[in-house]
Amino acid sequence: MSTTVTIWSLEQTSPADLRPAAEPPGAVTIARAEVPSPEFSRFLYTAVGGDIMWTDRLGLTYAEWERALDKPGTETWVAYERGTPAGYVELEAQPGGTVEIVYFGLIPAFRGRRIGGHLLTYGIRRAWDLAQRWPGLPATERVWLHTCSLDGEHAMDNYLRRGFKLFATKEEPGTDAPVPGPWPGAF
């Protein structure tokens, strides 16, 4: 038996579109993972996306992870709470001055603590100034992302609150496969 998954594509076309979230209370820091690391990125990917059906990268080889992370204009920014990874945002430069927020989310234990809006705000700012860190890239003219009906219950609201505008909606067949989790049997 399969279900239908709704996919929404959202964009910002100016840095002025950003509506920043307040910083969360406590010791939350955000740092760029400057050394491309398939191991660390796969950890973030499975820890954040395991309960919301992120499966598209699970079958990648080590070399494929390396290629995905080592492209010019690709950056991973990680939120930490008191030194523990809480979530991440992965940016990818695309042709024509476009930057995609390829992955964004929080590890389940850190959701609902006001970290997500702050991390998304930070990631959007880094998307808009990406060309400053990557000589040869054109200035960012558009930041976009997609989310779907499988994502966390507050994902769409967070994107809209940060100033993203919906530009496309589509439906695709889904599956009733069990949630993979960050490790077998985690959920």
# chains A, B, ... in the order shown; residues from 1 in each chain; ligands from 1

$ select_by_dssp --residues "chain A" --states "strand (DSSP E)" --output "VMD selection string"
chain A and resid 4 to 12 28 to 32 74 to 81 84 to 94 98 to 106 142 to 148 165 to 173

$ residues_around --residues "Tyr62 of chain A" --least-positions-apart "2" --cutoff "12 Å" --atoms "only C-alpha atoms" --output "list in words"
Pro36, Ser37, Pro38, Glu39, Phe40, Ser41, Arg42, Arg57, Leu58, Gly59, Leu60, Glu64, Trp65, Glu66, Arg67, Ala68 and Leu69 of chain A

$ select_by_dssp --residues "segment 37-181 of chain A" --states "alpha helix (DSSP H)" --output "MDAnalysis selection string"
chainID A and resid 38:49 62:69 115:128 130:133 155:161

$ residues_around --residues "Leu130 of chain A" --least-positions-apart "3" --cutoff "8 Å" --atoms "only C-alpha atoms" --output "CSV table (one decimal) with N, CA, C and O atoms, in the first residue's frame"
chain,number,residue,atom,x,y,z
A,73,GLY,N,31.1,25.7,-3.4
A,73,GLY,CA,29.8,26.3,-3.0
A,73,GLY,C,28.9,25.4,-2.2
A,73,GLY,O,27.8,25.8,-1.9
A,93,ALA,N,25.5,25.6,-3.9
A,93,ALA,CA,25.4,26.6,-5.0
A,93,ALA,C,25.0,25.9,-6.2
A,93,ALA,O,25.4,24.8,-6.5
A,126,ARG,N,23.9,32.7,5.4
A,126,ARG,CA,25.1,32.1,4.8
A,126,ARG,C,24.8,31.8,3.3
A,126,ARG,O,25.7,32.0,2.5
A,127,ALA,N,23.6,31.5,3.0
A,127,ALA,CA,23.2,31.3,1.6
A,127,ALA,C,23.3,32.6,0.8
A,127,ALA,O,23.9,32.6,-0.3
A,133,ARG,N,32.5,33.7,0.2
A,133,ARG,CA,33.4,32.7,0.7
A,133,ARG,C,33.9,31.8,-0.4
A,133,ARG,O,34.8,31.0,-0.2
A,134,TRP,N,33.4,31.9,-1.6
A,134,TRP,CA,33.7,31.1,-2.8
A,134,TRP,C,34.0,31.9,-4.0
A,134,TRP,O,33.1,32.2,-4.8
A,139,ALA,N,27.1,36.1,-7.4
A,139,ALA,CA,26.3,36.6,-6.2
A,139,ALA,C,25.0,35.8,-6.1
A,139,ALA,O,24.4,35.6,-7.2
A,140,THR,N,24.6,35.5,-5.0
A,140,THR,CA,23.3,34.8,-4.8
A,140,THR,C,22.1,35.7,-5.2
A,140,THR,O,22.0,36.9,-4.7

$ residues_around --residues "Thr76 of chain A" --least-positions-apart "5" --cutoff "8 Å" --atoms "only C-alpha atoms" --output "VMD selection string"
chain A and resid 32 to 34 88 to 91

$ closest_atom_pairs --of "segment 6-71 of chain A" --to "segment 145-162 of chain A" --cutoff "9 Å" --atoms "only C-alpha atoms" --output "Markdown table"
| residue | atom | partner | partner_atom | distance |
| --- | --- | --- | --- | --- |
| A:Thr6 | CA | A:Ser149 | CA | 5.3 |
| A:Ile7 | CA | A:Cys148 | CA | 4.3 |
| A:Trp8 | CA | A:Thr147 | CA | 5.4 |
| A:Ser9 | CA | A:His146 | CA | 4.3 |
| A:Leu10 | CA | A:Leu145 | CA | 5.5 |
| A:Glu11 | CA | A:Leu145 | CA | 6.5 |
| A:Asp17 | CA | A:Arg162 | CA | 7.9 |
| A:Leu18 | CA | A:Arg162 | CA | 5.5 |
| A:Arg19 | CA | A:Arg162 | CA | 4.5 |
| A:Pro20 | CA | A:Arg162 | CA | 5.9 |
| A:Ala21 | CA | A:Arg162 | CA | 7.0 |
| A:Gly49 | CA | A:Asp151 | CA | 8.5 |
| A:Asp51 | CA | A:Asp151 | CA | 8.9 |
| A:Ile52 | CA | A:Asp151 | CA | 5.5 |
| A:Met53 | CA | A:Leu150 | CA | 6.9 |
| A:Trp54 | CA | A:Asp151 | CA | 8.9 |

$ write_last_selection --atoms "N, CA, C and O atoms" --output "PDB file, in the first residue's frame"
ATOM      1  N   THR A   6       3.092  15.099  -0.494  1.00  0.00           N
ATOM      2  CA  THR A   6       3.039  16.434  -1.081  1.00  0.00           C
ATOM      3  C   THR A   6       4.388  17.099  -0.887  1.00  0.00           C
ATOM      4  O   THR A   6       4.942  17.086   0.218  1.00  0.00           O
ATOM      5  N   ILE A   7       4.919  17.663  -1.974  1.00  0.00           N
ATOM      6  CA  ILE A   7       6.216  18.342  -1.936  1.00  0.00           C
ATOM      7  C   ILE A   7       5.986  19.810  -2.263  1.00  0.00           C
ATOM      8  O   ILE A   7       5.377  20.143  -3.284  1.00  0.00           O
ATOM      9  N   TRP A   8       6.473  20.675  -1.383  1.00  0.00           N
ATOM     10  CA  TRP A   8       6.348  22.117  -1.570  1.00  0.00           C
ATOM     11  C   TRP A   8       7.730  22.702  -1.830  1.00  0.00           C
ATOM     12  O   TRP A   8       8.680  22.396  -1.098  1.00  0.00           O
ATOM     13  N   SER A   9       7.841  23.565  -2.830  1.00  0.00           N
ATOM     14  CA  SER A   9       9.083  24.278  -3.113  1.00  0.00           C
ATOM     15  C   SER A   9       8.879  25.740  -2.736  1.00  0.00           C
ATOM     16  O   SER A   9       7.863  26.349  -3.086  1.00  0.00           O
ATOM     17  N   LEU A  10       9.861  26.274  -1.995  1.00  0.00           N
ATOM     18  CA  LEU A  10       9.762  27.637  -1.491  1.00  0.00           C
ATOM     19  C   LEU A  10      11.030  28.401  -1.853  1.00  0.00           C
ATOM     20  O   LEU A  10      12.095  27.802  -2.014  1.00  0.00           O
ATOM     21  N   GLU A  11      10.929  29.727  -1.916  1.00  0.00           N
ATOM     22  CA  GLU A  11      12.079  30.532  -2.295  1.00  0.00           C
ATOM     23  C   GLU A  11      12.068  31.902  -1.625  1.00  0.00           C
ATOM     24  O   GLU A  11      11.031  32.383  -1.182  1.00  0.00           O
ATOM     25  N   ASP A  17      13.985  39.491   2.083  1.00  0.00           N
ATOM     26  CA  ASP A  17      12.866  38.583   2.373  1.00  0.00           C
ATOM     27  C   ASP A  17      13.011  37.902   3.729  1.00  0.00           C
ATOM     28  O   ASP A  17      12.014  37.467   4.318  1.00  0.00           O
ATOM     29  N   LEU A  18      14.242  37.778   4.223  1.00  0.00           N
ATOM     30  CA  LEU A  18      14.485  37.063   5.477  1.00  0.00           C
ATOM     31  C   LEU A  18      13.831  37.769   6.651  1.00  0.00           C
ATOM     32  O   LEU A  18      14.023  38.965   6.871  1.00  0.00           O
ATOM     33  N   ARG A  19      13.070  36.989   7.419  1.00  0.00           N
ATOM     34  CA  ARG A  19      12.516  37.449   8.694  1.00  0.00           C
ATOM     35  C   ARG A  19      13.187  36.605   9.782  1.00  0.00           C
ATOM     36  O   ARG A  19      12.813  35.449   9.998  1.00  0.00           O
ATOM     37  N   PRO A  20      14.197  37.168  10.424  1.00  0.00           N
ATOM     38  CA  PRO A  20      14.996  36.385  11.365  1.00  0.00           C
ATOM     39  C   PRO A  20      14.207  35.914  12.585  1.00  0.00           C
ATOM     40  O   PRO A  20      13.306  36.592  13.068  1.00  0.00           O
ATOM     41  N   ALA A  21      14.599  34.763  13.061  1.00  0.00           N
ATOM     42  CA  ALA A  21      14.072  34.245  14.329  1.00  0.00           C
ATOM     43  C   ALA A  21      14.947  34.770  15.458  1.00  0.00           C
ATOM     44  O   ALA A  21      16.114  35.113  15.251  1.00  0.00           O
ATOM     45  N   GLY A  49      17.240  13.063   9.936  1.00  0.00           N
ATOM     46  CA  GLY A  49      16.196  12.621   9.030  1.00  0.00           C
ATOM     47  C   GLY A  49      15.655  11.233   9.243  1.00  0.00           C
ATOM     48  O   GLY A  49      14.731  10.812   8.546  1.00  0.00           O
ATOM     49  N   ASP A  51      13.698   9.853  11.462  1.00  0.00           N
ATOM     50  CA  ASP A  51      12.292   9.689  11.834  1.00  0.00           C
ATOM     51  C   ASP A  51      11.339  10.372  10.863  1.00  0.00           C
ATOM     52  O   ASP A  51      10.124  10.282  11.024  1.00  0.00           O
ATOM     53  N   ILE A  52      11.880  11.056   9.850  1.00  0.00           N
ATOM     54  CA  ILE A  52      11.013  11.735   8.881  1.00  0.00           C
ATOM     55  C   ILE A  52      11.289  11.253   7.451  1.00  0.00           C
ATOM     56  O   ILE A  52      11.064  11.988   6.483  1.00  0.00           O
ATOM     57  N   MET A  53      11.802  10.027   7.355  1.00  0.00           N
ATOM     58  CA  MET A  53      11.923   9.319   6.081  1.00  0.00           C
ATOM     59  C   MET A  53      12.935   9.915   5.107  1.00  0.00           C
ATOM     60  O   MET A  53      12.749   9.851   3.897  1.00  0.00           O
ATOM     61  N   TRP A  54      14.025  10.488   5.605  1.00  0.00           N
ATOM     62  CA  TRP A  54      15.104  10.867   4.694  1.00  0.00           C
ATOM     63  C   TRP A  54      15.812   9.582   4.289  1.00  0.00           C
ATOM     64  O   TRP A  54      16.447   8.926   5.112  1.00  0.00           O
TER      65      TRP A  54
END
